[in-house]
$ cat coords-v8.txt   # compact mmCIF, C-alpha atoms and all ligand atoms
# COMPACT_ATOMS: atom_id res chain seq x y z
CA MET A 170 98.75 113.21 134.34
CA ARG A 171 102.42 113.76 133.37
CA MET A 172 103.07 115.44 129.98
CA TYR A 173 106.39 115.51 128.14
CA ARG A 174 107.02 117.58 125.01
CA ARG A 175 110.04 118.16 122.75
CA GLU A 176 110.06 121.34 120.72
CA GLU A 177 110.69 120.43 117.06
CA GLU A 178 109.97 122.37 113.87
CA VAL A 179 109.56 121.08 110.32
CA ASP A 180 109.56 123.78 107.60
CA GLY A 181 109.06 126.35 110.35
CA MET A 182 106.04 124.51 111.78
CA ALA A 183 105.91 123.18 115.34
CA VAL A 184 105.49 119.40 115.23
CA ASP A 185 106.35 118.80 118.88
CA PRO A 186 106.44 115.09 119.82
CA LEU A 187 104.26 114.64 122.88
CA LYS A 188 104.06 111.92 125.53
CA ALA A 189 101.36 111.86 128.18
CA VAL A 190 101.16 109.29 131.00
CA HIS A 191 97.86 109.03 132.85
CA THR A 192 96.69 106.34 135.32
CA VAL A 193 92.93 105.85 135.55
CA PRO A 194 91.25 103.70 138.24
CA GLY A 195 88.43 101.29 137.42
CA ILE A 196 89.12 100.45 133.77
CA THR A 197 91.36 98.05 131.78
CA GLY A 198 93.68 98.58 128.85
CA HIS A 199 91.44 96.47 126.64
CA GLU A 200 88.47 98.73 127.46
CA VAL A 201 90.49 101.94 126.79
CA CYS A 202 91.66 100.64 123.40
CA HIS A 203 88.19 99.29 122.54
CA TYR A 204 86.60 102.73 122.92
CA PHE A 205 89.52 104.59 121.32
CA PHE A 206 89.58 102.32 118.25
CA GLY A 207 85.84 101.76 117.73
CA PRO A 208 84.34 104.11 115.09
CA GLN A 209 80.90 103.67 116.70
CA TYR A 210 82.05 105.59 119.79
CA ARG A 211 84.16 108.37 118.26
CA TYR A 212 81.51 111.06 117.98
CA ASP A 213 80.82 110.53 121.70
CA TRP A 214 84.29 111.61 122.88
CA GLU A 215 86.08 113.37 119.97
CA THR A 216 84.34 116.74 120.36
CA THR A 217 86.27 118.47 117.53
CA LEU A 218 85.03 115.85 115.05
CA GLU A 219 82.73 117.10 112.27
CA GLN A 220 82.72 114.08 109.92
CA MET A 221 84.21 110.58 110.23
CA THR A 222 84.23 107.98 107.46
CA VAL A 223 85.66 104.46 107.54
CA LEU A 224 87.19 104.32 104.06
CA GLU A 225 88.38 100.73 104.35
CA THR A 226 87.96 97.80 106.71
CA VAL A 227 91.28 96.03 106.24
CA SER A 228 90.44 93.54 109.03
CA ASP A 229 88.50 93.57 112.30
CA ASP A 230 91.49 95.22 114.02
CA THR A 231 92.62 97.52 111.20
CA LEU A 232 90.57 100.36 109.67
CA VAL A 233 91.30 103.35 107.41
CA PHE A 234 89.61 106.58 108.56
CA LEU A 235 89.00 109.97 106.98
CA GLN A 236 88.11 112.58 109.63
CA THR A 237 87.13 116.20 109.13
CA HIS A 238 87.48 118.28 112.27
CA LYS A 239 85.55 121.39 113.21
CA ARG A 240 87.29 124.63 112.37
CA ILE A 241 88.94 126.01 115.50
CA TRP A 242 89.40 129.77 115.05
CA PRO A 243 91.72 131.27 113.77
CA ALA A 244 93.05 128.11 112.06
CA SER A 245 91.50 126.82 108.83
CA GLN A 246 89.53 123.56 108.98
CA ARG A 247 91.62 120.36 109.17
CA ASP A 248 91.14 116.81 108.00
CA VAL A 249 93.19 113.68 108.64
CA LEU A 250 93.41 110.32 106.80
CA PHE A 251 94.96 107.47 108.75
CA TRP A 252 95.05 103.75 109.30
CA SER A 253 94.25 102.57 112.79
CA HIS A 254 95.30 99.22 114.26
CA MET A 255 94.45 97.71 117.63
CA ARG A 256 96.21 94.74 119.15
CA LYS A 257 96.95 92.88 122.36
CA LEU A 258 100.62 92.60 123.38
CA PRO A 259 101.95 89.85 125.68
CA ASN A 260 103.12 91.14 129.07
CA GLU A 261 106.90 90.44 128.75
CA ASN A 262 107.61 91.54 132.34
CA ASP A 263 104.91 89.47 134.00
CA ARG A 264 103.71 86.41 132.11
CA ASP A 265 100.93 85.90 134.67
CA GLY A 266 99.91 89.55 134.49
CA PRO A 267 97.22 91.08 132.26
CA ASP A 268 98.16 91.70 128.63
CA LEU A 269 99.01 95.14 127.31
CA TRP A 270 96.78 96.69 124.65
CA THR A 271 97.65 99.31 122.05
CA VAL A 272 96.08 101.36 119.27
CA VAL A 273 98.32 102.94 116.64
CA ASN A 274 97.01 105.65 114.26
CA ASN A 275 99.27 106.55 111.34
CA SER A 276 98.57 108.98 108.50
CA THR A 277 98.35 107.42 105.07
CA THR A 278 97.19 108.29 101.56
CA HIS A 279 94.15 107.24 99.55
CA LEU A 280 93.80 107.78 95.79
CA ASP A 281 90.20 109.02 96.12
CA TYR A 282 91.04 111.59 98.87
CA PRO A 283 94.13 113.59 97.91
CA PRO A 284 95.21 116.21 100.50
CA ASN A 285 94.35 119.93 100.42
CA VAL A 286 92.00 119.91 97.42
CA GLY A 287 88.95 121.27 99.25
CA LYS A 288 88.55 123.69 102.14
CA CYS A 289 90.47 121.46 104.59
CA VAL A 290 94.18 121.50 105.39
CA ARG A 291 95.42 117.90 105.81
CA ILE A 292 97.18 117.17 109.08
CA TYR A 293 99.63 114.29 109.38
CA LEU A 294 99.92 112.29 112.56
CA LYS A 295 101.47 109.30 114.26
CA VAL A 296 99.67 108.35 117.46
CA CYS A 297 100.29 105.45 119.82
CA LEU A 298 98.05 104.64 122.78
CA LEU A 299 99.67 101.98 125.01
CA CYS A 300 97.66 100.63 127.95
CA GLN A 301 98.86 98.55 130.89
CA THR A 302 96.24 97.11 133.25
CA ARG A 303 97.08 96.81 136.96
CA VAL A 304 95.19 94.39 139.21
CA ASP A 305 95.36 94.68 143.03
CA PRO A 306 93.38 91.60 144.13
CA PRO A 307 91.19 92.03 147.24
CA LYS A 308 92.93 90.74 150.40
CA ASP A 309 90.05 88.52 151.54
CA GLY A 310 89.84 86.54 148.27
CA ALA A 311 86.57 88.35 147.41
CA PRO A 312 85.61 88.55 143.73
CA LEU A 313 87.47 91.15 141.67
CA THR A 314 85.63 94.45 141.19
CA ARG A 315 86.49 97.70 139.38
CA ASP A 316 87.88 98.94 142.72
CA ASN A 317 90.74 96.47 142.24
CA ILE A 318 91.83 97.55 138.73
CA SER A 319 93.47 100.55 137.09
CA CYS A 320 95.01 101.34 133.73
CA LYS A 321 98.29 103.14 133.03
CA ILE A 322 97.82 104.95 129.71
CA THR A 323 100.81 106.16 127.70
CA TYR A 324 99.74 108.39 124.79
CA CYS A 325 102.44 109.41 122.31
CA SER A 326 101.80 111.61 119.29
CA VAL A 327 103.54 113.60 116.62
CA VAL A 328 101.15 115.80 114.64
CA ASN A 329 102.13 117.93 111.69
CA PRO A 330 99.26 120.43 111.61
CA GLY A 331 99.74 121.07 107.86
CA GLY A 332 99.51 124.59 106.48
CA TRP A 333 101.58 127.16 108.27
CA ALA A 334 100.63 128.30 111.78
CA PRO A 335 102.77 130.25 114.26
CA ALA A 336 104.71 127.85 116.51
CA SER A 337 103.61 129.84 119.58
CA VAL A 338 99.92 129.47 118.64
CA LEU A 339 100.31 125.74 117.94
CA ARG A 340 102.16 125.14 121.21
CA ALA A 341 99.39 126.92 123.09
CA VAL A 342 96.84 124.68 121.33
CA TYR A 343 98.83 121.51 122.08
CA LYS A 344 99.23 122.53 125.73
CA ARG A 345 95.49 123.23 126.11
CA GLU A 346 94.01 120.49 123.96
CA TYR A 347 95.91 117.34 124.91
CA PRO A 348 95.23 117.24 128.66
CA LYS A 349 91.59 118.14 127.90
CA PHE A 350 91.29 115.38 125.29
CA LEU A 351 92.84 112.66 127.49
CA LYS A 352 90.73 113.59 130.55
CA ARG A 353 87.55 113.76 128.44
CA PHE A 354 88.26 110.46 126.69
CA THR A 355 89.17 108.53 129.87
CA ALA A 356 86.13 109.93 131.72
CA TYR A 357 84.02 108.66 128.79
CA VAL A 358 85.50 105.14 129.14
CA VAL A 359 84.91 105.13 132.92
CA ASN A 360 81.30 106.14 132.36
CA GLN A 361 80.71 103.61 129.56
CA THR A 362 82.15 100.69 131.55
CA LYS A 363 81.06 101.38 135.14
CA ASN A 364 78.02 99.06 135.06
CA LYS A 365 79.46 96.51 132.64
CA PRO A 366 81.49 93.35 133.35
CA ILE A 367 85.27 93.98 133.31
CA MET A 368 86.77 93.38 129.82
CA PHE A 369 90.37 92.14 130.33
C1 LIG B 1 95.76 120.32 117.90
C2 LIG B 1 96.37 119.49 116.77
C3 LIG B 1 97.45 118.64 117.31
C4 LIG B 1 96.93 120.42 115.69
C5 LIG B 1 95.24 118.66 116.19
C6 LIG B 1 94.27 119.33 115.47
C7 LIG B 1 93.21 118.61 114.98
C8 LIG B 1 92.18 119.35 114.21
C9 LIG B 1 91.08 119.86 115.12
C10 LIG B 1 91.58 120.72 116.22
C11 LIG B 1 91.54 120.21 117.49
C12 LIG B 1 92.00 121.01 118.51
C13 LIG B 1 92.49 122.28 118.23
C14 LIG B 1 92.56 122.69 116.92
N1 LIG B 1 92.11 121.92 115.92
C15 LIG B 1 93.11 117.23 115.18
C16 LIG B 1 94.11 116.58 115.89
C17 LIG B 1 94.04 115.10 116.15
C18 LIG B 1 93.27 114.27 115.33
C19 LIG B 1 93.18 112.91 115.60
C20 LIG B 1 93.84 112.36 116.68
S1 LIG B 1 93.71 110.68 117.03
O1 LIG B 1 94.63 110.39 118.09
O2 LIG B 1 93.86 109.95 115.85
C21 LIG B 1 92.11 110.38 117.72
C22 LIG B 1 91.09 110.12 116.69
O3 LIG B 1 90.42 111.30 116.39
C23 LIG B 1 94.60 113.16 117.48
C24 LIG B 1 94.71 114.53 117.23
C25 LIG B 1 95.19 117.30 116.41

$ encode --input "coords-v8.txt" --output "C-alpha cells"
Amino acid sequence: MRMYRREEEVDGMAVDPLKAVHTVPGITGHEVCHYFFGPQYRYDWETTLEQMTVLETVSDDTLVFLQTHKRIWPASQRDVLFWSHMRKLPNENDRDGPDLWTVVNNSTTHLDYPPNVGKCVRIYLKVCLLCQTRVDPPKDGAPLTRDNISCKITYCSVVNPGGWAPASVLRAVYKREYPKFLKRFTAYVVNQTKNKPIMF
C-alpha cells in the first residue's frame, strides 16, 4: 500500500488530502465498490460506526447517509451526512479491458439533520474510491479463476474533522486509521467473495 498526504490546514485544522493506492489479488473493482457502497454491509467492515441511516434513496446507485461514529478518545463523537454514488466507468485505455468502478461520497446537508445540534461534531468529507480490475488469463486457456484477477484500488479523501483538534493529533489519527481501514475493508471483500462467482 502506497500512501500520499499533503499537509493542509483550514481555520487551523488539519484537513490533509490523502491518496492511498493498494492492489489486492482475487477481487474485482465491481466487487470492491459493491461492498463499499452497500449499506447492508457497512456495519461488517466500518468498525467505528455506531449508527447508520439511509436518509434518502435517490436511485439504486445514489443514497444519502447519516452516520454516527463511536467516540474515539479524546475527541468528541462525530457524525457525517453525505450522498454516495456508485458507477461503472468505461476503460478509456483498453476498450477490451474490464470496466473501472467508482464510489464517491460527498458531504451534503439535510433540513431535518442540521450539524452540531446534539452531542456530535459534524465532519465534512469528500471521498473517492476508484477501482481498476486486472485480468491475467491462464496460459493454457483454462477457465478464469480468482487466481487470475486483481484490483488496483485508489482511495482519495479530504476530511474536515469539524470542531478544533490539534493538527498533530489529527495527523497521528490519519496515519494510523487509514491503512488500518483499507486493509480491514479489502480483507472483508476478499472473505465475502472467495466462494462466490466473480462479479465483473
Ligand atoms: C479520522 C477522521 C479522518 C477524522 C475520520 C473520523 C471519523 C469519525 C470516527 C473516527 C474514526 C477514526 C478515528 C477517530 N474517529 C470518520 C471518518 C470517516 C467517515 C466515513 C468515511 S467513508 O469513506 O465515507 C466510509 C463510509 O463510512 C471515511 C472516513 C474519518

$ axis_aligned_box --input "coords-v8.txt" --around "ligand LIG 1 (chain B)" --padding-each-side "3 Å" --output "AutoDock Vina command-line options"
--center_x 93.9 --center_y 116.3 --center_z 116.4 --size_x 13.0 --size_y 18.7 --size_z 10.3

$ residues_around --input "coords-v8.txt" --residues "stretch 204-219 of chain A" --least-positions-apart "3" --cutoff "7 Å" --atoms "all atoms listed in the file" --output "ChimeraX atom specification"
/A:200-201,237-239,255,272,353-354,357-358

$ write_last_selection --input "coords-v8.txt" --atoms "C-alpha atoms" --output "PDB file, in the coordinates of the input"
ATOM      1  CA  GLU A 200      88.470  98.730 127.460  1.00  0.00           C
ATOM      2  CA  VAL A 201      90.490 101.940 126.790  1.00  0.00           C
ATOM      3  CA  THR A 237      87.130 116.200 109.130  1.00  0.00           C
ATOM      4  CA  HIS A 238      87.480 118.280 112.270  1.00  0.00           C
ATOM      5  CA  LYS A 239      85.550 121.390 113.210  1.00  0.00           C
ATOM      6  CA  MET A 255      94.450  97.710 117.630  1.00  0.00           C
ATOM      7  CA  VAL A 272      96.080 101.360 119.270  1.00  0.00           C
ATOM      8  CA  ARG A 353      87.550 113.760 128.440  1.00  0.00           C
ATOM      9  CA  PHE A 354      88.260 110.460 126.690  1.00  0.00           C
ATOM     10  CA  TYR A 357      84.020 108.660 128.790  1.00  0.00           C
ATOM     11  CA  VAL A 358      85.500 105.140 129.140  1.00  0.00           C
TER      12      VAL A 358
END

$ atom_distance --input "coords-v8.txt" --atom1 "atom CA of A:Tyr173" --atom2 "atom C3 of ligand LIG 1 (chain B)"
14.4 Å

$ atom_distance --input "coords-v8.txt" --atom1 "atom CA of A:Asp268" --atom2 "atom CA of A:Leu299"
11.0 Å

$ residues_around --input "coords-v8.txt" --residues "A:Tyr343" --least-positions-apart "2" --cutoff "12 Å" --atoms "only C-alpha atoms" --output "PyMOL selection string"
chain A and resi 172-176+183-189+326-330+336-341+345-351

$ write_last_selection --input "coords-v8.txt" --atoms "C-alpha atoms" --output "PDB file, keeping the file's coordinate frame"
ATOM      1  CA  MET A 172     103.070 115.440 129.980  1.00  0.00           C
ATOM      2  CA  TYR A 173     106.390 115.510 128.140  1.00  0.00           C
ATOM      3  CA  ARG A 174     107.020 117.580 125.010  1.00  0.00           C
ATOM      4  CA  ARG A 175     110.040 118.160 122.750  1.00  0.00           C
ATOM      5  CA  GLU A 176     110.060 121.340 120.720  1.00  0.00           C
ATOM      6  CA  ALA A 183     105.910 123.180 115.340  1.00  0.00           C
ATOM      7  CA  VAL A 184     105.490 119.400 115.230  1.00  0.00           C
ATOM      8  CA  ASP A 185     106.350 118.800 118.880  1.00  0.00           C
ATOM      9  CA  PRO A 186     106.440 115.090 119.820  1.00  0.00           C
ATOM     10  CA  LEU A 187     104.260 114.640 122.880  1.00  0.00           C
ATOM     11  CA  LYS A 188     104.060 111.920 125.530  1.00  0.00           C
ATOM     12  CA  ALA A 189     101.360 111.860 128.180  1.00  0.00           C
ATOM     13  CA  SER A 326     101.800 111.610 119.290  1.00  0.00           C
ATOM     14  CA  VAL A 327     103.540 113.600 116.620  1.00  0.00           C
ATOM     15  CA  VAL A 328     101.150 115.800 114.640  1.00  0.00           C
ATOM     16  CA  ASN A 329     102.130 117.930 111.690  1.00  0.00           C
ATOM     17  CA  PRO A 330      99.260 120.430 111.610  1.00  0.00           C
ATOM     18  CA  ALA A 336     104.710 127.850 116.510  1.00  0.00           C
ATOM     19  CA  SER A 337     103.610 129.840 119.580  1.00  0.00           C
ATOM     20  CA  VAL A 338      99.920 129.470 118.640  1.00  0.00           C
ATOM     21  CA  LEU A 339     100.310 125.740 117.940  1.00  0.00           C
ATOM     22  CA  ARG A 340     102.160 125.140 121.210  1.00  0.00           C
ATOM     23  CA  ALA A 341      99.390 126.920 123.090  1.00  0.00           C
ATOM     24  CA  ARG A 345      95.490 123.230 126.110  1.00  0.00           C
ATOM     25  CA  GLU A 346      94.010 120.490 123.960  1.00  0.00           C
ATOM     26  CA  TYR A 347      95.910 117.340 124.910  1.00  0.00           C
ATOM     27  CA  PRO A 348      95.230 117.240 128.660  1.00  0.00           C
ATOM     28  CA  LYS A 349      91.590 118.140 127.900  1.00  0.00           C
ATOM     29  CA  PHE A 350      91.290 115.380 125.290  1.00  0.00           C
ATOM     30  CA  LEU A 351      92.840 112.660 127.490  1.00  0.00           C
TER      31      LEU A 351
END

$ closest_residue --input "coords-v8.txt" --among "A:Val193, A:Cys300, A:Leu280, A:Ile241" --to "A:Leu224" --atoms "all atoms listed in the file"
A:Leu280

$ residues_near_point --input "coords-v8.txt" --point "(93.0, 106.6, 132.4)" --cutoff "7 Å" --atoms "all atoms listed in the file" --output "list in words"
His191, Thr192, Val193, Pro194, Cys320, Lys321, Ile322 and Thr355 of chain A

$ closest_residue --input "coords-v8.txt" --among "A:Asn260, A:Thr231, A:Asn275, A:Thr222" --to "ligand LIG 1 (chain B)" --atoms "all atoms listed in the file"
A:Asn275
